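Presented below is the structure to which this report refers.
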Amino acid sequence: FNWKAGDTARPDELDRVAESMVDALVAAVTADPLPPHIRELYLTEPLPRAGGIDAVMFSGGVAEYVYGREETDFGDLGRRLGRALARRVHAGALPYPLLPPGECIRATALGASEYSVQLSGNTGFVSDPGALLPRRNLQVVRPHYRLGETVDAEAVAAAIRRHLIALDVAQTGADVALALSWSGPSSHERLLPFARGIRDALDERTAAGRPLYVVLDGDVALTLGRLLREELDVTADLMVVDGLSLRDFDYVDLGRLRHPSNTVPVTIKSLVFEQEATGAGGPAS
């Protein structure tokens with residue numbers, strides 16, 4: 001189709017696009033050798049042939065439609081692609097048994113980029129190292145808010161709640177690493193409402209007995225942990241550390257507290273790459 005900006009794609013045209021994409025996928029998986037029009041789609045060298053394939057499994061959002069878990073059309077190609085894939089599987093065009101997935105839309109590939117650091121346990125707050133550590137693959141959730149001269153607890157709580165919902169975490173109840181920014185004076189008058197916002201946003205989790213993992217970029221972890229524990233009566237297992245700047249779609253592994261250094265080994269796994277400057281001075285992904 002010769003679509004231009006501002007054109008409207010008709011439903012039947014979108015159906016044809018989805019069917020074509022699925023045919024290309026099936027050919028990429030089954031054809032040997034690859035047809036030229038499929039080979040030219042690759043950005044890297046094609047994967048070597050895997051040999052005997054016992055079964056296939058789909059993951060990601062489109063898989064929700066392949067397995068019939070979702071029926072809603074969210075305005076993208078997801079439902080069309082999923083249904084077209086399901087038809088190819090049932091028709092035998094993809095000649096492998098279909099396995100049920102452990103996860104669909106929540107399946108995530110880890111480790112595109114990875115590095116490790118050591119965090120001091122002396123400057124953080126860890127209520128019970130034996131219960132909190134080690135932990136693997138904690139999803140990072142980084143809400144956005146502004147901290148003025150006066151910190152608004154309700155605004156902080158609302159920002160955290162919105163972001164938990166936006167990243168599909170509130171519904172799962174899975175443990176997360178809440179990555180927070182701190183700026184400005186570290187006075188009691190500012191830190192207490194900040195801590196109150198955190199407590200109020202996560203009250204359902206603490207009521208359910210879930211532990212809290214809070215990671216800060218500012219040097220206030222020990223004070224914040226004590227405020228949450230001693231002044232705001234957060235009784236859930238609590239870990240607050242600082243010295244890390246994390247972002248959405250990062251995942252972290254937290255190791256056991258090491259003695260006698262009293263440090264916590266942290267591995268950060270990122271799925272998003274930084275932008276690189278171009279020769280003209282602009283960003284390029």
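By convention in this document, the chains of the structure tokens carry letters A, B, ... by their order, each chain's residues are numbered from 1, and ligands are numbered from 1 in the order they are shown.
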Test item: residues at most 10 Å from segment 178-188 of chain A, only C-alpha atoms, excluding those fewer than 2 positions along its chain, as a ChimeraX atom specification: /A:138-149,160,164,175-176,190-194,198,212-221,223-224,227,240-242,244-248
Would you list the contacts of Ala84 of chain A as number ranges by chain, taking every protein, DNA or RNA residue within 12 Å and counting only C-alpha atoms, but skipping same-chain residues closer than 3 positions in sequence? A: 14-26, 62-63, 65-68, 77-81, 87-91, 93-94
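When atom CA of Phe74 of chain A is paired with atom CA of Gly61 of chain A, their separation reads 10.8 Å.
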Which of segment 131-189 of chain A DSSP labels strand (DSSP E), written as number ranges by chain: A: 135-141, 176-180
For Asp233 of chain A, list every protein, DNA or RNA residue within 12 Å, evaluated using only C-alpha atoms, and leave out those in the same chain fewer than 4 positions away; present the list as a PyMOL selection string. chain A and resi 195-196+199-200+203+206-207+225-229+237-238
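Taking atom CA of Glu71 of chain A and atom CA of Met57 of chain A as endpoints, the distance between them is 19.3 Å.
Note that the spacing between atom CA of Asp7 of chain A and atom CA of Asp76 of chain A amounts to 15.7 Å.
Of the residues listed (A:Ala170, A:Ala153, A:Leu34, A:Ala201), A:Ala153 shows the shortest atom-to-atom separation from Glu189 of chain A; distances use only C-alpha atoms.
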Which neighbours of Ile268 of chain A fall inside 10 Å, counting only C-alpha atoms, when residues of the same chain fewer than 5 positions from it are skipped, and could you give them as an NGL selection string? :A and (111 or 113-117 or 137-138 or 140 or 244 or 246 or 250-254)
Counting only C-alpha atoms, the residue of A:Val234, A:Pro211, A:Val29, A:Ser59 that sits nearest Pro46 of chain A: A:Val29
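Counting only C-alpha atoms, the residue from A:Val264, A:Leu85, A:Ala28, A:Leu202 that sits nearest to Val169 of chain A is A:Leu202.
You can rank A:Arg135, A:Lys269, A:Arg205, A:Arg210 by their closest distance to Gly255 of chain A using only C-alpha atoms, and at the top of that list sits A:Arg135.
Compared by their closest atoms to Asp152 of chain A, and using only C-alpha atoms, the residues A:Ala131, A:Arg258, A:Ala5, A:Gly197 rank with A:Gly197 nearest.
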Pick out each residue of segment 22-66 of chain A that DSSP on the backbone tags as alpha helix (DSSP H); I need them as a PyMOL selection string. chain A and resi 22-30+36-39+63-66
